[in-house]
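Text of the file data22.txt, holding compact mmCIF, C-alpha atoms and all ligand atoms:
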# COMPACT_ATOMS: atom_id res chain seq x y z
CA MET R 85 0.00 0.00 0.00
CA TRP R 86 1.04 3.61 -0.27
CA VAL R 87 0.14 7.02 1.17
CA ARG R 88 -2.78 8.62 -0.65
CA GLN R 89 -3.30 11.74 1.47
CA VAL R 90 -1.94 13.45 4.59
CA GLY R 91 -3.90 15.94 6.69
CA TYR R 92 -4.07 17.32 10.21
CA VAL R 93 -6.93 16.48 12.61
CA SER R 94 -5.25 18.80 15.14
CA PRO R 95 -1.76 20.30 15.31
CA ARG R 96 -0.75 17.16 17.24
CA LEU R 97 -2.60 14.51 15.25
CA VAL R 98 -1.78 13.64 11.63
CA ARG R 99 -4.30 11.68 9.61
CA VAL R 100 -2.63 9.51 6.99
CA THR R 101 -4.83 7.89 4.36
CA PHE R 102 -3.35 4.77 2.78
CA ALA R 103 -4.55 3.02 -0.35
CA GLY R 104 -3.72 -0.17 -2.16
CA PRO R 105 -5.33 -3.37 -3.37
CA ASP R 106 -4.02 -5.33 -0.36
CA LEU R 107 -6.44 -3.33 1.82
CA GLU R 108 -9.33 -5.17 0.20
CA ARG R 109 -8.80 -7.98 2.70
CA LEU R 110 -8.72 -5.73 5.78
CA THR R 111 -11.89 -6.28 7.80
CA VAL R 112 -12.32 -4.64 11.17
CA VAL R 113 -15.26 -5.82 13.25
CA HIS R 114 -14.95 -4.07 16.62
CA PRO R 115 -13.88 -0.54 17.56
CA ALA R 116 -10.40 -0.02 19.06
CA ALA R 117 -8.82 -2.75 16.99
CA SER R 118 -5.21 -2.32 15.90
CA VAL R 119 -2.92 -2.81 12.94
CA ARG R 120 0.87 -3.03 12.76
CA LEU R 121 2.34 -0.48 10.40
CA LEU R 122 5.67 -1.17 8.70
CA LEU R 123 7.53 1.93 7.56
CA PRO R 124 10.71 2.39 5.56
CA TYR R 125 13.90 2.56 7.61
CA PRO R 126 14.31 6.15 8.82
CA GLY R 127 16.03 8.25 6.20
CA THR R 128 15.16 5.90 3.33
CA GLN R 129 12.24 5.39 0.98
CA GLU R 130 12.88 1.67 0.83
CA LEU R 131 10.30 -0.62 2.40
CA VAL R 132 12.03 -3.83 3.50
CA VAL R 133 9.49 -6.42 4.58
CA PRO R 134 11.26 -8.34 7.35
CA SER R 135 10.98 -12.08 7.75
CA TRP R 136 10.55 -13.59 11.19
CA ASN R 137 12.07 -16.90 12.31
CA GLY R 138 10.12 -17.13 15.58
CA ASN R 139 12.76 -15.45 17.71
CA GLU R 140 14.08 -12.54 15.76
CA PHE R 141 13.69 -10.57 12.59
CA LEU R 142 15.85 -11.79 9.76
CA SER R 143 17.26 -8.71 8.14
CA ASP R 144 20.54 -6.89 8.13
CA GLY R 145 20.51 -6.32 11.89
CA ARG R 146 18.50 -3.10 11.83
CA ARG R 147 15.22 -3.29 13.70
CA PRO R 148 12.33 -2.90 11.29
CA ALA R 149 10.20 0.17 11.94
CA ILE R 150 6.93 -1.45 12.98
CA ARG R 151 4.44 0.43 15.15
CA THR R 152 0.86 -0.23 16.26
CA PHE R 153 -2.07 2.04 15.39
CA THR R 154 -5.85 2.08 15.48
CA PRO R 155 -7.49 1.63 12.08
CA ARG R 156 -9.53 4.83 12.44
CA ARG R 157 -11.43 4.28 9.19
CA VAL R 158 -11.40 1.36 6.82
CA ASP R 159 -13.12 1.52 3.49
CA PRO R 160 -12.77 -1.77 1.64
CA GLY R 161 -14.83 -0.28 -1.23
CA THR R 162 -12.11 2.22 -2.11
CA PHE R 163 -9.30 0.13 -0.53
CA GLU R 164 -8.55 2.95 1.92
CA LEU R 165 -7.31 2.97 5.51
CA LYS R 166 -6.95 6.03 7.72
CA LEU R 167 -4.61 6.16 10.71
CA ASP R 168 -4.42 9.09 13.15
CA ILE R 169 -0.82 9.39 14.34
CA VAL R 170 0.17 11.49 17.37
CA ILE R 171 3.08 13.87 16.98
CA HIS R 172 5.14 13.55 20.13
CA GLY R 173 8.71 14.36 21.11
CA GLY R 174 10.29 12.03 18.58
CA GLY R 175 9.81 8.58 17.22
CA VAL R 176 10.04 6.84 13.88
CA ALA R 177 6.30 6.89 13.15
CA SER R 178 5.67 10.33 14.59
CA GLU R 179 8.44 11.83 12.46
CA TRP R 180 7.50 9.83 9.39
CA ALA R 181 3.89 11.07 9.59
CA GLN R 182 4.99 14.71 9.59
CA THR R 183 6.91 14.35 6.34
CA ALA R 184 4.84 11.65 4.62
CA GLU R 185 3.76 12.40 1.06
CA PRO R 186 1.39 10.80 -1.43
CA GLY R 187 3.04 7.77 -2.98
CA ASP R 188 5.23 6.90 0.02
CA PRO R 189 5.27 3.13 0.61
CA ALA R 190 4.14 1.34 3.79
CA ALA R 191 2.65 -2.02 4.75
CA ILE R 192 0.33 -3.30 7.45
CA SER R 193 -0.47 -6.55 9.17
CA GLY R 194 -3.55 -7.32 11.22
CA PRO R 195 -6.04 -6.43 12.40
CA ARG R 196 -5.79 -7.46 16.03
CA ARG R 197 -8.99 -7.76 17.95
CA GLY R 198 -10.82 -4.69 19.19
CA TYR R 199 -13.22 -3.99 22.04
CA ALA R 200 -16.39 -6.06 22.20
CA ILE R 201 -18.99 -3.72 23.69
CA ASP R 202 -21.30 -5.17 26.31
CA ARG R 203 -24.57 -3.72 25.07
CA ASP R 204 -26.36 -4.63 28.32
CA ALA R 205 -24.03 -2.57 30.51
CA PRO R 206 -25.76 0.31 32.36
CA CYS R 207 -23.03 2.88 31.65
CA PHE R 208 -19.51 3.34 30.31
CA PHE R 209 -16.26 5.04 31.28
CA LEU R 210 -13.73 5.74 28.50
CA GLY R 211 -10.30 7.16 29.26
CA GLY R 212 -7.00 7.61 27.52
CA ASP R 213 -4.22 9.87 26.42
CA GLU R 214 -3.75 11.34 22.95
CA THR R 215 -2.85 7.97 21.43
CA ALA R 216 -6.25 6.66 22.50
CA ILE R 217 -8.26 9.45 20.82
CA PRO R 218 -8.88 7.36 17.65
CA ALA R 219 -10.00 4.32 19.65
CA ILE R 220 -12.16 6.36 22.04
CA SER R 221 -13.82 8.10 19.08
CA GLN R 222 -14.67 4.74 17.55
CA ILE R 223 -15.99 3.25 20.78
CA LEU R 224 -18.10 6.34 21.41
CA GLN R 225 -19.66 6.01 17.95
CA ALA R 226 -20.50 2.38 18.66
CA LEU R 227 -21.95 2.67 22.19
CA PRO R 228 -25.71 2.38 22.77
CA ALA R 229 -27.25 5.87 22.47
CA ASP R 230 -29.35 5.56 25.62
CA ARG R 231 -26.52 4.76 28.03
CA PRO R 232 -24.50 7.40 29.94
CA VAL R 233 -20.84 7.65 28.92
CA GLN R 234 -18.02 9.47 30.71
CA VAL R 235 -15.00 10.33 28.57
CA HIS R 236 -11.74 11.59 30.06
CA ILE R 237 -8.84 12.34 27.72
CA GLU R 238 -5.44 13.51 28.88
CA VAL R 239 -3.66 15.94 26.56
CA ALA R 240 -0.06 17.05 26.83
CA HIS R 241 -0.98 20.26 25.01
CA PRO R 242 -4.34 22.07 24.69
CA ASP R 243 -3.91 21.94 20.88
CA ALA R 244 -4.55 18.21 21.02
CA ARG R 245 -8.26 18.68 21.75
CA ILE R 246 -10.49 17.66 18.86
CA ALA R 247 -14.23 17.42 18.31
CA LEU R 248 -15.36 14.00 19.45
CA PRO R 249 -18.19 12.12 17.72
CA ASP R 250 -21.65 13.00 19.03
CA HIS R 251 -23.30 10.80 21.61
CA PRO R 252 -26.57 11.91 23.23
CA ARG R 253 -25.46 10.99 26.76
CA VAL R 254 -21.74 11.76 26.79
CA THR R 255 -19.93 13.86 29.38
CA ALA R 256 -16.46 14.64 28.08
CA GLU R 257 -13.54 16.08 30.01
CA TRP R 258 -10.15 17.08 28.60
CA CYS R 259 -7.50 16.68 31.28
CA ASP R 260 -4.41 18.86 30.81
CA LEU R 261 -1.15 17.21 31.76
CA THR R 262 0.95 19.71 33.66
CA PRO R 263 4.45 20.20 32.24
CA ASP R 264 6.96 17.92 34.03
CA ALA R 265 4.22 15.57 35.27
CA PRO R 266 4.63 11.96 34.10
CA SER R 267 2.35 10.88 31.26
CA GLY R 268 -0.89 9.51 32.59
CA ASP R 269 -0.88 11.58 35.79
CA ALA R 270 -3.90 13.68 34.85
CA LEU R 271 -5.72 10.62 33.53
CA PHE R 272 -5.03 8.70 36.73
CA ALA R 273 -6.44 11.61 38.75
CA ALA R 274 -9.56 11.60 36.56
CA VAL R 275 -10.08 7.87 37.09
CA ARG R 276 -9.55 8.24 40.83
CA ARG R 277 -12.16 10.96 41.24
CA ALA R 278 -14.66 9.35 38.84
CA ASP R 279 -18.00 8.20 40.10
CA LEU R 280 -18.22 4.62 38.83
CA GLU R 281 -21.65 3.06 39.16
CA PRO R 282 -22.04 -0.67 39.74
CA GLY R 283 -21.96 -2.53 36.44
CA VAL R 284 -20.00 0.20 34.64
CA ARG R 285 -17.77 -0.94 31.78
CA VAL R 286 -14.37 0.73 31.75
CA TRP R 287 -12.04 1.10 28.74
CA VAL R 288 -8.75 2.95 29.24
CA ALA R 289 -5.50 3.12 27.23
CA GLY R 290 -2.30 5.11 27.41
CA GLU R 291 1.24 5.00 28.80
CA ALA R 292 2.08 1.58 30.25
CA ALA R 293 3.17 2.59 33.77
CA ALA R 294 0.14 4.83 34.15
CA MET R 295 -2.07 1.94 33.05
CA GLN R 296 -0.54 -0.24 35.80
CA ARG R 297 -1.48 2.42 38.37
CA ILE R 298 -4.99 2.62 36.95
CA ARG R 299 -5.40 -1.17 37.01
CA ARG R 300 -4.27 -1.31 40.64
CA HIS R 301 -6.65 1.46 41.57
CA LEU R 302 -9.64 -0.08 39.79
CA PHE R 303 -9.10 -3.70 40.82
CA GLU R 304 -7.50 -3.34 44.26
CA ASP R 305 -8.78 -0.05 45.70
CA ARG R 306 -12.24 -0.12 44.13
CA GLY R 307 -12.70 -3.87 43.76
CA LEU R 308 -13.97 -3.52 40.19
CA PRO R 309 -14.41 -6.97 38.63
CA ARG R 310 -11.69 -7.51 36.01
CA SER R 311 -14.32 -8.60 33.50
CA GLN R 312 -15.73 -5.05 33.55
CA ALA R 313 -12.52 -3.32 32.54
CA SER R 314 -10.09 -3.21 29.63
CA VAL R 315 -6.96 -1.22 30.52
CA ARG R 316 -4.25 -1.27 27.84
CA GLY R 317 -0.70 0.02 27.68
CA TYR R 318 -0.38 1.71 24.27
CA TRP R 319 3.21 2.91 24.64
CA LYS R 320 5.96 2.84 27.24
CA HIS R 321 7.90 5.84 28.42
CA GLY R 322 11.53 5.64 27.23
CA ARG R 323 10.97 2.67 24.94
CA SER R 324 10.40 2.50 21.20
CA GLY R 325 7.69 0.29 19.80
CA ASP R 326 4.92 -1.50 21.67
CA ALA R 327 4.32 -1.16 25.38
CA GLY R 328 4.64 -4.90 25.77
CA ASP R 329 1.53 -5.47 27.88
CA THR R 330 -1.07 -5.34 25.19
C1 LIG K 401 -3.43 -1.27 20.31
C2 LIG K 401 -2.70 0.05 20.11
C3 LIG K 401 -3.31 1.07 19.38
C4 LIG K 401 -2.64 2.30 19.20
N1 LIG K 401 -3.25 3.28 18.46
C5 LIG K 401 -2.59 4.46 18.24
C6 LIG K 401 -3.16 5.47 17.40
O1 LIG K 401 -4.24 5.30 16.80
N2 LIG K 401 -2.47 6.63 17.24
C7 LIG K 401 -1.23 6.84 17.83
O2 LIG K 401 -0.64 7.90 17.63
N3 LIG K 401 -0.69 5.88 18.63
C8 LIG K 401 -1.31 4.71 18.82
N4 LIG K 401 -0.73 3.74 19.60
C9 LIG K 401 0.53 4.07 20.28
C10 LIG K 401 1.74 3.99 19.35
O3 LIG K 401 1.90 2.64 18.90
C11 LIG K 401 3.01 4.42 20.15
O4 LIG K 401 2.86 5.74 20.62
C12 LIG K 401 4.27 4.26 19.33
O5 LIG K 401 5.35 4.22 20.24
C13 LIG K 401 4.52 5.43 18.37
O6 LIG K 401 5.66 5.13 17.61
P1 LIG K 401 6.82 6.20 17.31
O7 LIG K 401 7.68 5.56 16.29
O8 LIG K 401 6.23 7.54 17.04
O9 LIG K 401 7.63 6.32 18.67
P2 LIG K 401 8.66 5.22 19.23
O10 LIG K 401 9.85 5.13 18.34
O11 LIG K 401 7.91 3.96 19.51
O12 LIG K 401 9.10 5.85 20.62
C14 LIG K 401 10.13 6.86 20.70
C15 LIG K 401 10.05 7.53 22.07
O13 LIG K 401 8.84 8.26 22.16
C16 LIG K 401 8.09 7.85 23.29
N5 LIG K 401 6.66 7.90 22.92
C17 LIG K 401 5.97 7.02 22.14
N6 LIG K 401 4.68 7.45 22.00
C18 LIG K 401 4.58 8.60 22.71
C19 LIG K 401 3.51 9.51 22.95
N7 LIG K 401 2.29 9.34 22.43
N8 LIG K 401 3.76 10.60 23.73
C20 LIG K 401 4.99 10.83 24.26
N9 LIG K 401 6.04 9.99 24.06
C21 LIG K 401 5.83 8.90 23.29
C22 LIG K 401 8.59 6.45 23.64
O14 LIG K 401 8.46 6.20 25.01
C23 LIG K 401 10.05 6.52 23.22
O15 LIG K 401 10.82 7.06 24.26
C24 LIG K 401 -1.35 2.50 19.77
C25 LIG K 401 -0.74 1.45 20.47
C26 LIG K 401 -1.39 0.24 20.64
C27 LIG K 401 -0.70 -0.88 21.38
Give the structure from the file, written as structure tokens.
Amino acid sequence: MWVRQVGYVSPRLVRVTFAGPDLERLTVVHPAASVRLLLPYPGTQELVVPSWNGNEFLSDGRRPAIRTFTPRRVDPGTFELKLDIVIHGGGVASEWAQTAEPGDPAAISGPRRGYAIDRDAPCFFLGGDETAIPAISQILQALPADRPVQVHIEVAHPDARIALPDHPRVTAEWCDLTPDAPSGDALFAAVRRADLEPGVRVWVAGEAAAMQRIRRHLFEDRGLPRSQASVRGYWKHGRSGDAGDT
């Protein structure tokens, strides 16, 4: 596949539209699914598809640039896929997205499973940082219209706020991360002060260490049944690639 179009959803979120006949087979059933995006090695236009022997990538020793993203929109009719990529301090994908141009090559694998919504749940709590905005938007669009939904999104910069999809019963809060605070701090505070009714279904994603704190709080302090919550590390502070606990 290749880049068809690049645009900005916000100054901190780049929407890259990909196209190619291989996208015909991409079927995404649930919201908040994921795909693995393979990019050219930084500084090159060459897409080297790595082979995997079960333990390591077989290539020339360089680690392939593979990152995980939410398939924000998939249109098998036009063979198009849209990914919303956060611009952060520096990273292969973040930097690639800022300079990507129509025709640039890329490849994907997946999808991996998304979030199966319990349509009988009385209410929902959705939380995340900027990387979770695409997934939260999708879940919000898919939730039953008559159920209350709390949304709490942590942003490292006010510019990261975007218009979320409409939902008749949503209460949305943007939580500003104070400079110097660790990622996830403002989100953790929002979870801690949230009023969670019995039966609530919780979906949260963001920085891995912050997700550990949120899991502990939900399961140990509040005694929330694990079956009612999905808390996912989307990235890990100081580490490239996946958070490792997804
Ligand atoms: C299931 C799933 C779905 C995801 N969906 C999306 C999505 O739709 N959009 C999206 O943008 N991301 C998404 N992510 C997160 C994304 O995979 C990571 O942020 C990834 O590390 C970005 O790659 P990179 O090459 O830009 O940075 P990397 O090279 O992986 O990391 C470089 C450095 O930047 C840090 N870093 C990585 N991400 C951030 C960040 N957001 N803020 C601050 N520092 C960061 C790392 O800790 C590291 O120190 C998802 C992750 C998972 C597991």
Looking at all atoms listed in the file, which of R:Glu164, R:Asp250, R:Asp188, R:Glu214 is the one that sits closest to ligand LIG 401 (chain K)?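 The answer is R:Glu214, which sits nearest to ligand LIG 401 (chain K).
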Counting all atoms listed in the file, what are the residues, protein, DNA or RNA alike, that approach ligand LIG 401 (chain K) to within 9 Å? I want them as a ChimeraX atom specification. /R:97-98,116-120,149-156,167-181,196-198,213-219,240,267,289-291,316-330
Write out as a VMD selection string each polymer residue whose atoms come within 9 Å of R:Arg253, counting all atoms listed in the file; drop sequence neighbours fewer than 5 positions from it. chain R and resid 229 to 234
Which residue gives the smallest distance to R:Pro263 among R:Leu227, R:Val87, R:Ala191, R:Val239, with only C-alpha atoms counted? R:Val239
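Put simply, atom CA of R:Arg299 is 13.0 Å away from atom CA of R:Gly212.
Between atom CA of R:Arg147 and atom CA of R:Pro126 there is a distance of 10.7 Å.
The shortest atom-to-atom distance to R:Pro195, with all atoms listed in the file taken into account, belongs to R:Leu110 out of R:Ile220, R:Leu110, R:Leu302, R:Val284.
Using only C-alpha atoms, the shortest contact distance between R:Asp305 and any of R:Trp287, R:Leu210, R:Leu122, R:Val275 is found at R:Val275.
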Nearest-residue call for R:Leu248, choices R:Leu280, R:Leu224, R:Leu123, R:Ile192, using all atoms listed in the file: R:Leu224
Please indicate the distance in Å from atom CA of R:Val158 to atom CA of R:Leu107, rounded to one decimal place. 8.5 Å
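Among R:Val315, R:Ile246, R:Leu308, R:Cys207, the residue with the shortest atom-to-atom distance to R:Phe272, counting only C-alpha atoms, is R:Val315.
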